[in-house]
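Enquirer: Got a structure for you, final-v5.cif, holding mmCIF, C-alpha atoms.
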```cif
data_start
loop_
_atom_site.group_PDB
_atom_site.id
_atom_site.type_symbol
_atom_site.label_atom_id
_atom_site.label_comp_id
_atom_site.auth_asym_id
_atom_site.auth_seq_id
_atom_site.Cartn_x
_atom_site.Cartn_y
_atom_site.Cartn_z
ATOM 1 C CA MET A 520 -1.780 -8.288 27.323
ATOM 2 C CA GLY A 521 -2.752 -6.698 24.011
ATOM 3 C CA TYR A 522 -0.835 -6.944 20.750
ATOM 4 C CA VAL A 523 0.851 -3.530 20.920
ATOM 5 C CA SER A 524 1.832 -4.019 24.577
ATOM 6 C CA LYS A 525 3.478 -7.345 23.773
ATOM 7 C CA LEU A 526 5.116 -6.004 20.658
ATOM 8 C CA SER A 527 6.633 -2.949 22.303
ATOM 9 C CA SER A 528 8.955 -5.029 24.491
ATOM 10 C CA SER A 529 10.465 -6.741 21.438
ATOM 11 C CA LEU A 530 11.126 -3.573 19.420
ATOM 12 C CA PRO A 531 14.311 -1.479 19.501
ATOM 13 C CA SER A 532 14.112 1.753 21.479
ATOM 14 C CA TYR A 533 13.628 4.823 19.355
ATOM 15 C CA ASN A 534 16.718 6.916 18.606
ATOM 16 C CA ASN A 535 15.683 10.564 18.721
ATOM 17 C CA ASP A 536 18.065 11.464 15.878
ATOM 18 C CA VAL A 537 16.253 9.238 13.365
ATOM 19 C CA GLY A 538 13.599 10.490 10.965
ATOM 20 C CA GLU A 539 12.586 13.248 8.557
ATOM 21 C CA ASP A 540 9.460 15.386 8.293
ATOM 22 C CA LEU A 541 6.898 14.421 5.660
ATOM 23 C CA ASP A 542 4.890 16.969 3.686
ATOM 24 C CA ILE A 543 1.385 16.218 4.980
ATOM 25 C CA LYS A 544 0.399 19.331 6.942
ATOM 26 C CA SER A 545 -1.713 21.018 4.245
ATOM 27 C CA VAL A 546 -3.495 17.789 3.285
ATOM 28 C CA VAL A 547 -4.397 17.033 6.895
ATOM 29 C CA ASN A 548 -5.582 20.584 7.547
ATOM 30 C CA GLU A 549 -7.937 20.274 4.566
ATOM 31 C CA GLU A 550 -9.420 17.111 6.064
ATOM 32 C CA ILE A 551 -9.783 18.719 9.493
ATOM 33 C CA SER A 552 -11.605 21.652 7.910
ATOM 34 C CA ALA A 553 -13.900 19.354 5.925
ATOM 35 C CA TRP A 554 -14.851 17.361 9.028
ATOM 36 C CA LYS A 555 -15.497 20.380 11.251
ATOM 37 C CA ASN A 556 -18.830 19.851 13.038
ATOM 38 C CA LYS A 557 -19.406 16.767 10.885
ATOM 39 C CA LYS A 558 -20.027 13.110 11.735
ATOM 40 C CA GLU A 559 -19.531 10.094 9.514
ATOM 41 C CA ASN A 560 -23.270 9.734 8.867
ATOM 42 C CA ASP A 561 -23.737 13.354 7.782
ATOM 43 C CA PHE A 562 -24.554 14.122 4.177
ATOM 44 C CA GLY A 563 -21.521 14.064 1.909
ATOM 45 C CA MET A 564 -19.099 12.453 4.368
ATOM 46 C CA GLY A 565 -19.459 9.040 2.766
ATOM 47 C CA SER A 566 -17.243 10.208 -0.093
ATOM 48 C CA PHE A 567 -14.456 10.929 2.404
ATOM 49 C CA LEU A 568 -14.744 7.475 3.945
ATOM 50 C CA LYS A 569 -14.665 5.947 0.477
ATOM 51 C CA LYS A 570 -11.362 7.619 -0.430
ATOM 52 C CA TYR A 571 -9.852 6.477 2.873
ATOM 53 C CA TRP A 572 -10.930 2.873 2.289
ATOM 54 C CA ASN A 573 -9.568 3.035 -1.265
ATOM 55 C CA ALA A 574 -6.094 3.227 0.301
ATOM 56 C CA THR A 575 -6.592 -0.255 1.813
ATOM 57 C CA PRO A 576 -6.922 -3.764 0.369
ATOM 58 C CA ASN A 577 -10.666 -3.705 1.153
ATOM 59 C CA PRO A 578 -12.265 -0.628 -0.461
ATOM 60 C CA GLU A 579 -15.689 -2.284 -0.220
ATOM 61 C CA ASN A 580 -15.621 -1.661 3.535
ATOM 62 C CA SER A 581 -16.814 1.866 2.803
ATOM 63 C CA ASN A 582 -20.279 0.337 2.374
ATOM 64 C CA ASP A 583 -20.362 -0.974 5.948
ATOM 65 C CA PRO A 584 -20.612 1.811 8.561
ATOM 66 C CA SER A 585 -20.036 -0.678 11.390
ATOM 67 C CA ILE A 586 -16.370 -1.195 10.440
ATOM 68 C CA PRO A 587 -13.932 1.195 12.175
ATOM 69 C CA TRP A 588 -12.112 3.402 9.662
ATOM 70 C CA SER A 589 -9.280 4.887 11.728
ATOM 71 C CA ALA A 590 -6.615 2.678 10.100
ATOM 72 C CA ALA A 591 -7.981 3.501 6.644
ATOM 73 C CA PHE A 592 -7.609 7.195 7.480
ATOM 74 C CA VAL A 593 -3.952 6.716 8.434
ATOM 75 C CA SER A 594 -3.413 4.619 5.305
ATOM 76 C CA TRP A 595 -4.772 7.370 3.063
ATOM 77 C CA ILE A 596 -2.704 10.165 4.628
ATOM 78 C CA LEU A 597 0.567 8.296 4.254
ATOM 79 C CA LYS A 598 0.009 6.443 0.983
ATOM 80 C CA PRO A 599 2.162 8.942 -1.048
ATOM 81 C CA PHE A 600 5.119 8.019 1.159
ATOM 82 C CA GLY A 601 5.240 4.303 0.454
ATOM 83 C CA PHE A 602 2.930 3.312 3.305
ATOM 84 C CA VAL A 603 1.111 0.029 2.658
ATOM 85 C CA GLY A 604 -2.437 0.591 3.886
ATOM 86 C CA GLU A 605 -4.540 -1.864 5.848
ATOM 87 C CA ILE A 606 -7.981 -2.058 7.430
ATOM 88 C CA GLY A 607 -6.527 -2.372 10.935
ATOM 89 C CA HIS A 608 -3.668 -0.721 12.812
ATOM 90 C CA ALA A 609 -2.197 -4.058 13.906
ATOM 91 C CA SER A 610 -2.164 -5.181 10.277
ATOM 92 C CA TYR A 611 -0.203 -2.188 8.983
ATOM 93 C CA ILE A 612 2.215 -2.675 11.879
ATOM 94 C CA ASP A 613 2.680 -6.264 10.653
ATOM 95 C CA ASN A 614 3.430 -4.952 7.155
ATOM 96 C CA VAL A 615 6.210 -2.784 8.562
ATOM 97 C CA LEU A 616 7.672 -5.620 10.638
ATOM 98 C CA ASP A 617 7.509 -8.044 7.706
ATOM 99 C CA GLY A 618 9.346 -5.617 5.407
ATOM 100 C CA LYS A 619 6.338 -5.137 3.130
ATOM 101 C CA THR A 620 6.329 -1.389 3.779
ATOM 102 C CA SER A 621 9.725 -0.364 2.477
ATOM 103 C CA GLY A 622 11.507 2.402 4.369
ATOM 104 C CA TRP A 623 9.264 2.262 7.455
ATOM 105 C CA LYS A 624 10.432 0.994 10.835
ATOM 106 C CA ALA A 625 8.789 0.343 14.205
ATOM 107 C CA PHE A 626 10.262 1.444 17.536
ATOM 108 C CA ASN A 627 9.404 1.153 21.208
ATOM 109 C CA ILE A 628 8.743 4.487 22.923
ATOM 110 C CA LYS A 629 7.156 3.002 26.035
ATOM 111 C CA ASN A 630 10.407 3.162 28.002
ATOM 112 C CA ASN A 631 11.766 6.392 26.502
ATOM 113 C CA ASP A 632 11.863 9.301 28.913
ATOM 114 C CA LYS A 633 11.950 11.785 26.027
ATOM 115 C CA VAL A 634 10.786 11.415 22.440
ATOM 116 C CA ARG A 635 11.437 13.801 19.566
ATOM 117 C CA LEU A 636 8.793 13.534 16.862
ATOM 118 C CA ASN A 637 8.765 14.141 13.121
ATOM 119 C CA VAL A 638 5.795 15.100 10.984
ATOM 120 C CA GLY A 639 4.475 11.860 9.517
ATOM 121 C CA ASP A 640 5.211 9.664 12.544
ATOM 122 C CA ILE A 641 2.456 7.273 13.643
ATOM 123 C CA LEU A 642 1.984 6.820 17.388
ATOM 124 C CA ILE A 643 0.036 3.707 18.382
ATOM 125 C CA TYR A 644 -1.491 2.254 21.539
ATOM 126 C CA ASP A 645 -3.522 -0.775 22.613
ATOM 127 C CA ARG A 646 -7.230 -0.121 22.961
ATOM 128 C CA LYS A 647 -7.553 -3.241 25.137
ATOM 129 C CA PRO A 648 -4.150 -3.535 26.839
ATOM 130 C CA TYR A 649 -5.327 -6.068 29.428
ATOM 131 C CA GLU A 650 -6.977 -8.517 27.048
ATOM 132 C CA ASP A 651 -4.737 -11.329 25.892
ATOM 133 C CA ASP A 652 -4.302 -11.602 22.129
ATOM 134 C CA SER A 653 -6.406 -8.496 21.429
ATOM 135 C CA ARG A 654 -5.298 -6.735 18.256
ATOM 136 C CA ALA A 655 -7.606 -3.769 18.914
ATOM 137 C CA SER A 656 -5.421 -0.692 18.663
ATOM 138 C CA HIS A 657 -5.390 2.915 17.508
ATOM 139 C CA GLY A 658 -2.855 5.095 15.705
ATOM 140 C CA ASP A 659 -2.583 8.869 15.285
ATOM 141 C CA VAL A 660 -0.376 10.706 12.791
ATOM 142 C CA VAL A 661 1.820 13.694 13.653
ATOM 143 C CA TYR A 662 0.935 16.417 11.145
ATOM 144 C CA GLN A 663 2.304 19.622 12.695
ATOM 145 C CA ILE A 664 4.995 20.613 15.198
ATOM 146 C CA ASP A 665 5.485 24.122 16.536
ATOM 147 C CA ASP A 666 7.334 25.675 19.479
ATOM 148 C CA GLN A 667 4.899 24.359 22.072
ATOM 149 C CA TYR A 668 2.999 21.348 20.750
ATOM 150 C CA ALA A 669 3.063 18.363 18.448
ATOM 151 C CA TYR A 670 -0.346 17.935 16.804
ATOM 152 C CA LEU A 671 -1.621 14.466 15.942
ATOM 153 C CA VAL A 672 -4.699 13.571 13.908
ATOM 154 C CA GLY A 673 -6.738 10.386 14.079
ATOM 155 C CA GLY A 674 -9.832 9.006 12.398
ATOM 156 C CA ASN A 675 -13.015 7.381 13.687
ATOM 157 C CA LEU A 676 -12.867 9.374 16.919
ATOM 158 C CA SER A 677 -16.426 10.052 18.086
ATOM 159 C CA ASP A 678 -17.546 9.270 14.505
ATOM 160 C CA SER A 679 -15.312 12.005 13.098
ATOM 161 C CA ILE A 680 -11.629 12.930 13.046
ATOM 162 C CA GLY A 681 -9.915 14.359 16.089
ATOM 163 C CA VAL A 682 -6.731 16.169 17.058
ATOM 164 C CA VAL A 683 -4.420 15.368 19.974
ATOM 165 C CA ARG A 684 -1.978 17.970 21.306
ATOM 166 C CA LEU A 685 1.223 16.817 22.982
ATOM 167 C CA PRO A 686 3.248 19.525 24.774
ATOM 168 C CA ILE A 687 6.920 19.713 23.803
ATOM 169 C CA ASP A 688 9.787 21.218 25.772
ATOM 170 C CA ASN A 689 12.365 23.782 24.643
ATOM 171 C CA ASN A 690 14.474 21.015 23.100
ATOM 172 C CA GLY A 691 11.625 19.622 21.026
ATOM 173 C CA TYR A 692 10.835 16.570 23.140
ATOM 174 C CA ILE A 693 7.278 15.566 24.036
ATOM 175 C CA GLU A 694 6.766 15.735 27.771
ATOM 176 C CA ASP A 695 3.866 13.292 28.004
ATOM 177 C CA LYS A 696 3.502 10.298 25.686
ATOM 178 C CA LYS A 697 -0.048 9.665 26.909
ATOM 179 C CA SER A 698 -0.815 5.985 26.354
ATOM 180 C CA TYR A 699 1.205 5.646 23.156
ATOM 181 C CA GLN A 700 3.521 2.647 23.176
ATOM 182 C CA ILE A 701 5.155 2.344 19.764
ATOM 183 C CA ILE A 702 6.046 4.633 16.896
ATOM 184 C CA LEU A 703 6.253 3.957 13.154
ATOM 185 C CA LYS A 704 8.638 6.169 11.206
ATOM 186 C CA ASN A 705 9.483 6.611 7.557
ATOM 187 C CA LEU A 706 13.279 6.642 7.495
ATOM 188 C CA ARG A 707 13.523 7.708 3.869
ATOM 189 C CA GLY A 708 10.406 9.807 3.484
ATOM 190 C CA ALA A 709 12.065 12.670 1.653
ATOM 191 C CA LYS A 710 13.526 10.264 -0.917
ATOM 192 C CA VAL A 711 10.151 8.668 -1.615
ATOM 193 C CA TRP A 712 8.512 12.077 -1.992
ATOM 194 C CA LYS A 713 11.301 13.566 -4.126
ATOM 195 C CA LYS A 714 11.198 10.504 -6.369
ATOM 196 C CA TYR A 715 7.460 10.980 -6.814
ATOM 197 C CA LEU A 716 7.874 14.677 -7.616
ATOM 198 C CA TYR A 717 10.747 14.001 -9.981
ATOM 199 C CA GLY A 718 8.701 11.386 -11.846
ATOM 200 C CA THR A 719 5.782 13.789 -12.105
ATOM 201 C CA PHE A 720 8.099 16.517 -13.445
ATOM 202 C CA VAL A 721 9.702 14.260 -16.050
ATOM 203 C CA ILE A 722 6.366 12.915 -17.293
ATOM 204 C CA GLY A 723 4.933 16.435 -17.392
ATOM 205 C CA TRP A 724 7.920 17.818 -19.321
ATOM 206 C CA TYR A 725 7.831 14.905 -21.770
ATOM 207 C CA GLY A 726 4.135 15.483 -22.373
ATOM 208 C CA PHE A 727 4.803 19.181 -22.949
ATOM 209 C CA LEU A 728 7.447 18.404 -25.614
ATOM 210 C CA ILE A 729 5.218 15.884 -27.413
ATOM 211 C CA TYR A 730 2.313 18.340 -27.425
ATOM 212 C CA ASN A 731 4.409 21.120 -28.947
ATOM 213 C CA LEU A 732 6.027 18.834 -31.526
ATOM 214 C CA ARG A 733 2.597 17.764 -32.708
ATOM 215 C CA LYS A 734 1.529 21.392 -33.111
ATOM 216 C CA GLN A 735 4.426 22.086 -35.490
#
```
For the file at hand, write its structure as structure tokens.
Expert:
Amino acid sequence: MGYVSKLSSSLPSYNNDVGEDLDIKSVVNEEISAWKNKKENDFGMGSFLKKYWNATPNPENSNDPSIPWSAAFVSWILKPFGFVGEIGHASYIDNVLDGKTSGWKAFNIKNNDKVRLNVGDILIYDRKPYEDDSRASHGDVVYQIDDQYAYLVGGNLSDSIGVVRLPIDNNGYIEDKKSYQIILKNLRGAKVWKKYLYGTFVIGWYGFLIYNLRKQ
């Protein structure tokens, strides 16, 4: 049994009232547009892979096309929200479980009949569920939710990025979890983002005052 399959049974079940939406929709849509009809080996796409890998502890991996970059992609998208990036999905799950990724929690959705998602959630599954001790896994990030679907984006899918659509019912619950087994959620995402914006505002205002004082 793979790592995610084993882990799911030890995690608390997800409470559908937990979580807040993260502001990632526009950023993800820009990436989707940039990758349209593109593969990782196409001209200019190396710069995208490099910025993804820069969100991990091993940025030099951008020089090796044989290394899967799906976890780096997730790491880059969620870095502004306190997410500690890693080169593998199992490794960033470990960071959450070990408390290294403050504010993020892992839940089991395998046994949930209904799951309500938030933008910014990571849904993860085993890529080799029947191989003992396999840590091979994949995670997709929810980036948009409308009246009919939750849209998830993932990296390194057919050498590009791909989108998964999950139908949702009238109450906002996904009707089919596909093969996803666990979910990672940022339980204080708005606070992290507001803190970042507030810091940017204060620094910007301070710089504005200093600039004008020097002109006088």
Enquirer: Hey, what comes out of the PyMOL selection byres ((chain A and resi 659-667) around 6) on this file? Could you write it as a list in words?
Expert: Lys544, Val638, Gly639, Asp640, Ile641, Leu642, Gly658, Tyr668, Ala669, Tyr670, Leu671, Val672, Gly673, Pro686 and Ile687 of chain A
Enquirer: For C-alpha atoms, I'd like the residues from the last selection saved as an mmCIF file, keeping the file's coordinate frame.
Expert:
```cif
data_model
loop_
_atom_site.group_PDB
_atom_site.id
_atom_site.type_symbol
_atom_site.label_atom_id
_atom_site.label_comp_id
_atom_site.auth_asym_id
_atom_site.auth_seq_id
_atom_site.Cartn_x
_atom_site.Cartn_y
_atom_site.Cartn_z
ATOM 1 C CA LYS A 544 0.399 19.331 6.942
ATOM 2 C CA VAL A 638 5.795 15.100 10.984
ATOM 3 C CA GLY A 639 4.475 11.860 9.517
ATOM 4 C CA ASP A 640 5.211 9.664 12.544
ATOM 5 C CA ILE A 641 2.456 7.273 13.643
ATOM 6 C CA LEU A 642 1.984 6.820 17.388
ATOM 7 C CA GLY A 658 -2.855 5.095 15.705
ATOM 8 C CA TYR A 668 2.999 21.348 20.750
ATOM 9 C CA ALA A 669 3.063 18.363 18.448
ATOM 10 C CA TYR A 670 -0.346 17.935 16.804
ATOM 11 C CA LEU A 671 -1.621 14.466 15.942
ATOM 12 C CA VAL A 672 -4.699 13.571 13.908
ATOM 13 C CA GLY A 673 -6.738 10.386 14.079
ATOM 14 C CA PRO A 686 3.248 19.525 24.774
ATOM 15 C CA ILE A 687 6.920 19.713 23.803
#
```
Enquirer: Can I get the residues of range 521-572 of chain A within 6 Å of range 580-601 of chain A, each with the closest pair of atoms and their distance in Å to one decimal, using all atoms listed in the file, sorted chain first then ascending number, as CSV?
Expert:
```
residue,atom,partner,partner_atom,distance
A:Lys569,CA,A:Ser581,CA,5.2
A:Tyr571,CA,A:Ala591,CA,5.2
A:Trp572,CA,A:Ala591,CA,5.3
```
Enquirer: CA of Asn627 in chain A and CA of Gly604 in chain A, how far apart in Å?
Expert: 21.0 Å
Enquirer: For Ser679 in chain A, which of A:Gly607, A:Gly622, A:Pro648, A:Gly565 is the closest residue, counting all atoms listed in the file?
Expert: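 Distance minimum relative to Ser679 in chain A lands on A:Gly565.
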Enquirer: If you count all atoms listed in the file, which residues fall within 7 Å of His657 in chain A, apart from same-chain ones fewer than 2 positions away, as an NGL selection string?
Expert: :A and (608 or 643-646 or 659)
Enquirer: If we count only C-alpha atoms and set the cut-off at 7 Å, which residues sit around range 527-543 of chain A, ignoring sequence neighbours fewer than 5 positions away in its own chain? Please answer as a list in words.
Expert: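 Residues near the query, excluding close chain neighbours: Ala625, Phe626, Asn627, Ile628, Val634, Arg635, Asn637, Val638, Gly639, Tyr662, Gln700, Ile701, Lys704, Asn705, Leu706, Gly708 and Ala709 of chain A.
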Enquirer: For a quick check of understanding, using all atoms listed in the file, which of A:Gly521, A:Gly674, A:Gly618, A:Pro576 has the smallest distance to Glu559 in chain A?
Expert: A:Gly674
Enquirer: Choose the residue, out of A:Val523, A:Ile702, A:Leu636, A:Ile551, that has the smallest atom-to-atom separation from Asp688 in chain A; count all atoms listed in the file.
Expert: A:Leu636
Enquirer: Using Å and a single decimal, report how far CA of Ser610 in chain A sits from CA of Ser656 in chain A.
Expert: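 Straight-line distance from CA of Ser656 in chain A to CA of Ser610 in chain A works out to 10.1 Å.
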Enquirer: Could you tell me which of A:Lys555, A:Lys629, A:Val546, A:Phe602 comes closest to Lys697 in chain A if we count only C-alpha atoms?
Expert: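 When distances to Lys697 in chain A are compared using only C-alpha atoms, the smallest one comes from A:Lys629.
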Enquirer: Hey, can you check how far CA of Asp561 in chain A sits from CA of Val683 in chain A?
Expert: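 Interatomic distance here is 22.9 Å.
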